[in-house]
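Peer 1: So here's my_file.cif (mmCIF, C-alpha atoms; chains and numbers go by the auth columns).
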```cif
data_entry
#
loop_
_atom_site.group_PDB
_atom_site.id
_atom_site.type_symbol
_atom_site.label_atom_id
_atom_site.label_comp_id
_atom_site.label_asym_id
_atom_site.label_seq_id
_atom_site.Cartn_x
_atom_site.Cartn_y
_atom_site.Cartn_z
_atom_site.B_iso_or_equiv
_atom_site.auth_seq_id
_atom_site.auth_asym_id
ATOM 1 C CA MET A 1 139.051 194.388 138.047 0.00 1 W
ATOM 2 C CA SER A 2 138.379 193.090 141.544 0.00 2 W
ATOM 3 C CA GLY A 3 139.420 189.596 142.562 0.00 3 W
ATOM 4 C CA ALA A 4 135.811 188.418 142.760 0.00 4 W
ATOM 5 C CA GLN A 5 135.002 189.750 139.289 0.00 5 W
ATOM 6 C CA GLU A 6 138.156 188.215 137.844 0.00 6 W
ATOM 7 C CA GLN A 7 137.299 184.851 139.388 0.00 7 W
ATOM 8 C CA GLN A 8 133.760 184.926 137.989 0.00 8 W
ATOM 9 C CA LEU A 9 135.021 185.787 134.509 0.00 9 W
ATOM 10 C CA GLU A 10 137.606 183.000 134.680 0.00 10 W
ATOM 11 C CA ARG A 11 134.994 180.459 135.805 0.00 11 W
ATOM 12 C CA LEU A 12 132.690 181.418 132.946 0.00 12 W
ATOM 13 C CA THR A 13 135.567 181.215 130.464 0.00 13 W
ATOM 14 C CA PHE A 14 136.881 177.872 131.765 0.00 14 W
ATOM 15 C CA PHE A 15 133.420 176.310 131.701 0.00 15 W
ATOM 16 C CA SER A 16 132.874 177.520 128.126 0.00 16 W
ATOM 17 C CA ASP A 17 136.288 176.189 127.067 0.00 17 W
ATOM 18 C CA ALA A 18 135.404 172.789 128.535 0.00 18 W
ATOM 19 C CA VAL A 19 132.134 172.561 126.583 0.00 19 W
ATOM 20 C CA PHE A 20 133.864 173.552 123.342 0.00 20 W
ATOM 21 C CA ALA A 21 136.600 170.982 123.981 0.00 21 W
ATOM 22 C CA ILE A 22 134.132 168.177 124.692 0.00 22 W
ATOM 23 C CA ALA A 23 131.999 169.010 121.644 0.00 23 W
ATOM 24 C CA ILE A 24 134.997 169.135 119.329 0.00 24 W
ATOM 25 C CA THR A 25 136.247 165.805 120.709 0.00 25 W
ATOM 26 C CA LEU A 26 132.888 164.076 120.343 0.00 26 W
ATOM 27 C CA LEU A 27 132.943 164.832 116.617 0.00 27 W
ATOM 28 C CA VAL A 28 135.454 162.048 115.999 0.00 28 W
ATOM 29 C CA ILE A 29 133.589 159.520 118.149 0.00 29 W
ATOM 30 C CA GLU A 30 130.888 159.405 115.482 0.00 30 W
ATOM 31 C CA ILE A 31 133.449 157.977 113.024 0.00 31 W
ATOM 32 C CA HIS A 32 133.332 154.257 113.724 0.00 32 W
ATOM 33 C CA VAL A 33 136.129 151.833 112.951 0.00 33 W
ATOM 34 C CA PRO A 34 135.257 150.012 109.700 0.00 34 W
ATOM 35 C CA HIS A 35 134.792 146.256 109.393 0.00 35 W
ATOM 36 C CA PRO A 36 135.525 145.259 105.772 0.00 36 W
ATOM 37 C CA ASP A 37 133.496 142.469 104.209 0.00 37 W
ATOM 38 C CA GLY A 38 136.599 140.865 102.765 0.00 38 W
ATOM 39 C CA HIS A 39 140.305 140.657 103.491 0.00 39 W
ATOM 40 C CA GLY A 40 143.346 142.332 102.027 0.00 40 W
ATOM 41 C CA ASP A 41 144.338 145.867 101.138 0.00 41 W
ATOM 42 C CA ALA A 42 141.562 146.419 98.598 0.00 42 W
ATOM 43 C CA ALA A 43 138.857 145.682 101.155 0.00 43 W
ATOM 44 C CA TRP A 44 140.398 148.013 103.703 0.00 44 W
ATOM 45 C CA LEU A 45 140.868 150.795 101.167 0.00 45 W
ATOM 46 C CA GLN A 46 137.232 150.470 100.136 0.00 46 W
ATOM 47 C CA ALA A 47 136.114 150.552 103.759 0.00 47 W
ATOM 48 C CA LEU A 48 138.128 153.719 104.377 0.00 48 W
ATOM 49 C CA ALA A 49 136.823 155.258 101.161 0.00 49 W
ATOM 50 C CA ASP A 50 133.285 154.671 102.418 0.00 50 W
ATOM 51 C CA LEU A 51 134.167 156.782 105.449 0.00 51 W
ATOM 52 C CA LEU A 52 135.281 159.791 103.409 0.00 52 W
ATOM 53 C CA PRO A 53 131.984 161.676 103.986 0.00 53 W
ATOM 54 C CA HIS A 54 132.473 161.198 107.724 0.00 54 W
ATOM 55 C CA PHE A 55 136.064 162.441 107.511 0.00 55 W
ATOM 56 C CA PHE A 56 134.860 165.493 105.595 0.00 56 W
ATOM 57 C CA GLY A 57 132.109 166.147 108.122 0.00 57 W
ATOM 58 C CA PHE A 58 134.588 165.846 110.981 0.00 58 W
ATOM 59 C CA VAL A 59 137.053 168.294 109.423 0.00 59 W
ATOM 60 C CA LEU A 60 134.324 170.772 108.496 0.00 60 W
ATOM 61 C CA SER A 61 132.691 170.700 111.927 0.00 61 W
ATOM 62 C CA PHE A 62 136.072 170.795 113.672 0.00 62 W
ATOM 63 C CA ILE A 63 136.934 173.972 111.773 0.00 63 W
ATOM 64 C CA VAL A 64 133.556 175.565 112.529 0.00 64 W
ATOM 65 C CA VAL A 65 133.609 174.720 116.254 0.00 65 W
ATOM 66 C CA GLY A 66 137.262 175.702 116.453 0.00 66 W
ATOM 67 C CA ALA A 67 136.514 179.060 114.828 0.00 67 W
ATOM 68 C CA MET A 68 133.651 179.639 117.251 0.00 68 W
ATOM 69 C CA TRP A 69 135.900 178.837 120.207 0.00 69 W
ATOM 70 C CA ALA A 70 138.626 181.167 118.879 0.00 70 W
ATOM 71 C CA ALA A 71 136.098 184.002 118.563 0.00 71 W
ATOM 72 C CA HIS A 72 134.700 183.273 122.032 0.00 72 W
ATOM 73 C CA HIS A 73 138.221 183.227 123.470 0.00 73 W
ATOM 74 C CA ARG A 74 139.078 186.504 121.739 0.00 74 W
ATOM 75 C CA VAL A 75 135.923 188.292 122.893 0.00 75 W
ATOM 76 C CA PHE A 76 136.181 187.203 126.521 0.00 76 W
ATOM 77 C CA GLY A 77 139.807 188.303 126.483 0.00 77 W
ATOM 78 C CA LEU A 78 138.586 191.853 125.834 0.00 78 W
ATOM 79 C CA LEU A 79 136.459 191.920 128.990 0.00 79 W
ATOM 80 C CA ARG A 80 137.328 193.041 132.503 0.00 80 W
ATOM 81 C CA HIS A 81 133.988 191.870 133.903 0.00 81 W
ATOM 82 C CA PHE A 82 130.554 190.992 132.527 0.00 82 W
ATOM 83 C CA ASP A 83 126.847 191.545 132.832 0.00 83 W
ATOM 84 C CA PRO A 84 125.363 188.562 134.732 0.00 84 W
ATOM 85 C CA ALA A 85 122.659 188.418 132.033 0.00 85 W
ATOM 86 C CA ILE A 86 125.157 186.998 129.521 0.00 86 W
ATOM 87 C CA VAL A 87 125.547 183.806 131.569 0.00 87 W
ATOM 88 C CA TRP A 88 122.308 182.402 130.155 0.00 88 W
ATOM 89 C CA ARG A 89 123.102 183.725 126.691 0.00 89 W
ATOM 90 C CA ASN A 90 126.438 181.968 126.918 0.00 90 W
ATOM 91 C CA LEU A 91 124.720 178.755 128.023 0.00 91 W
ATOM 92 C CA ALA A 92 122.341 178.990 125.056 0.00 92 W
ATOM 93 C CA LEU A 93 125.341 179.200 122.718 0.00 93 W
ATOM 94 C CA LEU A 94 127.032 176.254 124.428 0.00 94 W
ATOM 95 C CA MET A 95 123.850 174.192 124.059 0.00 95 W
ATOM 96 C CA ALA A 96 123.931 174.753 120.280 0.00 96 W
ATOM 97 C CA VAL A 97 127.637 173.860 120.204 0.00 97 W
ATOM 98 C CA ALA A 98 127.117 170.696 122.260 0.00 98 W
ATOM 99 C CA PHE A 99 124.430 169.597 119.785 0.00 99 W
ATOM 100 C CA MET A 100 126.808 169.798 116.826 0.00 100 W
ATOM 101 C CA PRO A 101 128.246 166.256 117.056 0.00 101 W
ATOM 102 C CA PHE A 102 124.736 164.902 116.386 0.00 102 W
ATOM 103 C CA SER A 103 123.904 167.220 113.496 0.00 103 W
ATOM 104 C CA SER A 104 127.374 166.693 112.030 0.00 104 W
ATOM 105 C CA SER A 105 126.982 162.904 112.175 0.00 105 W
ATOM 106 C CA LEU A 106 123.532 163.126 110.605 0.00 106 W
ATOM 107 C CA MET A 107 124.863 165.246 107.773 0.00 107 W
ATOM 108 C CA SER A 108 127.929 163.034 107.240 0.00 108 W
ATOM 109 C CA THR A 109 125.816 159.879 107.071 0.00 109 W
ATOM 110 C CA HIS A 110 123.392 161.341 104.516 0.00 110 W
ATOM 111 C CA THR A 111 125.475 163.751 102.448 0.00 111 W
ATOM 112 C CA THR A 112 123.117 163.864 99.468 0.00 112 W
ATOM 113 C CA GLU A 113 119.857 164.112 101.391 0.00 113 W
ATOM 114 C CA ARG A 114 118.105 167.455 101.678 0.00 114 W
ATOM 115 C CA VAL A 115 116.770 167.299 105.247 0.00 115 W
ATOM 116 C CA PRO A 116 120.041 166.232 106.980 0.00 116 W
ATOM 117 C CA GLU A 117 121.972 168.940 105.153 0.00 117 W
ATOM 118 C CA MET A 118 119.364 171.576 106.012 0.00 118 W
ATOM 119 C CA PHE A 119 119.265 170.364 109.611 0.00 119 W
ATOM 120 C CA TYR A 120 123.038 170.749 109.916 0.00 120 W
ATOM 121 C CA ALA A 121 122.963 174.239 108.408 0.00 121 W
ATOM 122 C CA LEU A 122 120.112 175.181 110.744 0.00 122 W
ATOM 123 C CA ASN A 123 122.140 174.044 113.769 0.00 123 W
ATOM 124 C CA LEU A 124 125.023 176.243 112.643 0.00 124 W
ATOM 125 C CA LEU A 125 122.697 179.161 111.943 0.00 125 W
ATOM 126 C CA ILE A 126 121.225 178.986 115.440 0.00 126 W
ATOM 127 C CA ALA A 127 124.714 178.749 116.947 0.00 127 W
ATOM 128 C CA GLY A 128 125.883 181.696 114.868 0.00 128 W
ATOM 129 C CA LEU A 129 122.931 183.887 115.849 0.00 129 W
ATOM 130 C CA LEU A 130 123.354 182.994 119.512 0.00 130 W
ATOM 131 C CA GLN A 131 127.036 183.833 119.299 0.00 131 W
ATOM 132 C CA TYR A 132 126.305 187.194 117.678 0.00 132 W
ATOM 133 C CA ARG A 133 123.746 187.977 120.397 0.00 133 W
ATOM 134 C CA LEU A 134 126.210 187.007 123.128 0.00 134 W
ATOM 135 C CA PHE A 135 129.019 189.113 121.669 0.00 135 W
ATOM 136 C CA SER A 136 126.743 192.116 121.170 0.00 136 W
ATOM 137 C CA SER A 137 125.771 191.945 124.835 0.00 137 W
ATOM 138 C CA ALA A 138 129.302 191.403 126.130 0.00 138 W
ATOM 139 C CA LEU A 139 131.193 193.919 123.991 0.00 139 W
ATOM 140 C CA ARG A 140 129.973 197.142 125.531 0.00 140 W
ATOM 141 C CA ALA A 141 130.844 199.570 128.261 0.00 141 W
ATOM 142 C CA PRO A 142 131.487 199.281 131.150 0.00 142 W
ATOM 143 C CA TYR A 143 132.501 195.640 130.703 0.00 143 W
ATOM 144 C CA LEU A 144 135.370 196.164 128.242 0.00 144 W
ATOM 145 C CA ARG A 145 138.985 196.574 129.223 0.00 145 W
ATOM 146 C CA GLY A 146 140.191 200.160 129.117 0.00 146 W
ATOM 147 C CA ASP A 147 142.609 199.530 126.238 0.00 147 W
ATOM 148 C CA VAL A 148 139.993 198.085 123.858 0.00 148 W
ATOM 149 C CA SER A 149 139.218 200.432 120.969 0.00 149 W
ATOM 150 C CA ALA A 150 135.885 200.977 119.283 0.00 150 W
ATOM 151 C CA GLY A 151 137.434 199.630 116.086 0.00 151 W
ATOM 152 C CA GLU A 152 138.262 196.301 117.739 0.00 152 W
ATOM 153 C CA VAL A 153 134.705 195.979 119.010 0.00 153 W
ATOM 154 C CA ALA A 154 133.221 196.784 115.606 0.00 154 W
ATOM 155 C CA ALA A 155 135.524 194.280 113.902 0.00 155 W
ATOM 156 C CA MET A 156 134.589 191.508 116.348 0.00 156 W
ATOM 157 C CA ARG A 157 130.882 192.132 115.800 0.00 157 W
ATOM 158 C CA ARG A 158 131.332 192.038 112.032 0.00 158 W
ATOM 159 C CA ARG A 159 133.372 188.831 112.234 0.00 159 W
ATOM 160 C CA SER A 160 130.604 187.132 114.206 0.00 160 W
ATOM 161 C CA LEU A 161 128.236 187.644 111.249 0.00 161 W
ATOM 162 C CA ALA A 162 130.220 185.201 109.099 0.00 162 W
ATOM 163 C CA LEU A 163 128.693 182.008 110.507 0.00 163 W
ATOM 164 C CA PRO A 164 125.041 183.159 110.264 0.00 164 W
ATOM 165 C CA ILE A 165 125.561 184.430 106.702 0.00 165 W
ATOM 166 C CA MET A 166 127.323 181.304 105.444 0.00 166 W
ATOM 167 C CA SER A 167 124.852 179.034 107.253 0.00 167 W
ATOM 168 C CA ILE A 168 121.926 180.753 105.521 0.00 168 W
ATOM 169 C CA LEU A 169 123.627 180.283 102.151 0.00 169 W
ATOM 170 C CA SER A 170 124.280 176.618 102.972 0.00 170 W
ATOM 171 C CA PHE A 171 120.669 176.118 104.047 0.00 171 W
ATOM 172 C CA ILE A 172 119.347 177.639 100.811 0.00 172 W
ATOM 173 C CA LEU A 173 121.723 175.601 98.646 0.00 173 W
ATOM 174 C CA ALA A 174 120.684 172.405 100.444 0.00 174 W
ATOM 175 C CA ILE A 175 117.170 172.850 99.067 0.00 175 W
ATOM 176 C CA TRP A 176 118.405 172.311 95.496 0.00 176 W
ATOM 177 C CA ILE A 177 121.899 170.782 95.710 0.00 177 W
ATOM 178 C CA PRO A 178 122.311 168.991 99.067 0.00 178 W
ATOM 179 C CA GLY A 179 125.762 167.592 98.315 0.00 179 W
ATOM 180 C CA PRO A 180 127.747 170.783 97.565 0.00 180 W
ATOM 181 C CA SER A 181 125.641 172.869 99.936 0.00 181 W
ATOM 182 C CA ASN A 182 128.448 172.947 102.505 0.00 182 W
ATOM 183 C CA LEU A 183 130.713 174.938 100.185 0.00 183 W
ATOM 184 C CA PRO A 184 129.836 178.287 101.861 0.00 184 W
ATOM 185 C CA LEU A 185 130.884 176.824 105.217 0.00 185 W
ATOM 186 C CA ILE A 186 134.245 175.808 103.776 0.00 186 W
ATOM 187 C CA LEU A 187 134.715 179.420 102.656 0.00 187 W
ATOM 188 C CA MET A 188 133.803 180.820 106.075 0.00 188 W
ATOM 189 C CA PRO A 189 137.419 181.766 107.002 0.00 189 W
ATOM 190 C CA VAL A 190 137.485 183.967 103.901 0.00 190 W
ATOM 191 C CA ALA A 191 134.198 185.572 104.949 0.00 191 W
ATOM 192 C CA VAL A 192 135.547 186.198 108.456 0.00 192 W
ATOM 193 C CA VAL A 193 138.584 188.058 107.102 0.00 193 W
ATOM 194 C CA TRP A 194 136.448 190.027 104.642 0.00 194 W
ATOM 195 C CA LEU A 195 133.958 191.080 107.312 0.00 195 W
ATOM 196 C CA ALA A 196 136.703 191.919 109.806 0.00 196 W
ATOM 197 C CA ARG A 197 138.131 194.345 107.267 0.00 197 W
ATOM 198 C CA GLY A 198 134.750 196.030 106.923 0.00 198 W
ATOM 199 C CA GLY A 199 133.551 194.270 103.779 0.00 199 W
ATOM 200 C CA LEU A 200 129.845 195.013 104.161 0.00 200 W
ATOM 201 C CA ARG A 201 130.413 198.560 105.320 0.00 201 W
ATOM 202 C CA ARG A 202 132.948 199.248 102.567 0.00 202 W
ATOM 203 C CA ASN A 203 130.666 197.883 99.869 0.00 203 W
ATOM 204 C CA ALA A 204 127.724 199.847 101.178 0.00 204 W
ATOM 205 C CA ALA A 205 129.645 203.132 101.258 0.00 205 W
ATOM 206 C CA PRO A 206 128.854 205.452 98.297 0.00 206 W
ATOM 207 C CA SER A 207 131.624 205.966 95.808 0.00 207 W
ATOM 208 C CA THR A 208 133.193 209.396 95.553 0.00 208 W
#
```
I need this file expressed as structure tokens, please.
Peer 2:
Amino acid sequence: MSGAQEQQLERLTFFSDAVFAIAITLLVIEIHVPHPDGHGDAAWLQALADLLPHFFGFVLSFIVVGAMWAAHHRVFGLLRHFDPAIVWRNLALLMAVAFMPFSSSLMSTHTTERVPEMFYALNLLIAGLLQYRLFSSALRAPYLRGDVSAGEVAAMRRRSLALPIMSILSFILAIWIPGPSNLPLILMPVAVVWLARGGLRRNAAPST
């Protein structure tokens, strides 16, 4: 890889890392310090208990954004240079990621309401689809490093399907049971491992 190509790839990676870092940090800013009505331990414990949905939303969104960054980091580590067309596709993904602190706060504030839960799942679905599109464009010849195998590429593409799949399930569940509708997102690490091992392909293969 030439010095100019390496510099361009590093700039794209560093900028993406910065957006992910800012988005993941802004998640906690939406959790405001409580101001109990009374005094004493009981009042403070109640005030903290009232924030539990926000704590849950922070942890869930932190895991999701962190998983997206880890996948982005892994994919860009497989490249020696890139098609300039992926710059805008990367920006589209980063826009969806930067929007997550708002959708996460909305969901955390109204955990039993249908529309906020569906809105949050929709944000994640859009981010997941944009990530899959970006990875599909980036992970192809002649942009890959010479030591990257076809199996690695196939596994990365399968892994990137986890967020869209689990977001769709969460969106559907939010129509009937808004509260527990985030359960599929909690199980996303399991889905990532299953897909990376060829879960869909293995299940679709005919038995012998």
Peer 1: Just so the selection is clear, what residues does the PyMOL selection byres ((chain W and resi 107-123) around 10) cover here, as a PyMOL selection string?
Peer 2: chain W and resi 30-31+51-58+61+96-97+99-106+124-128+163-164+166-182+185
Peer 1: By how many Å are CA of Ala47 in chain W and CA of Ala98 in chain W apart?
Peer 2: 28.8 Å
Peer 1: Using all atoms listed in the file, which residues sit within 12 Å of Leu94 in chain W once same-chain residues fewer than 4 positions away are excluded, as a ChimeraX atom specification?
Peer 2: /W:12-13,15-24,65,68-69,72,87-90,98-100,123-124,126-128,130-131,134
Peer 1: What's the separation between CA of Arg80 in chain W and CA of Gln8 in chain W, in Å to one decimal place?
Peer 2: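 Taking CA of Arg80 in chain W as the start and CA of Gln8 in chain W as the end point, the length is 10.4 Å.
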Peer 1: Let me make sure I understand: among W:Ser137, W:Trp44, W:Leu27, W:His81, which one has the smallest atom-to-atom distance to Ile63 in chain W if we use all atoms listed in the file?
Peer 2: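 Closest residue, counting all atoms listed in the file: W:Leu27.
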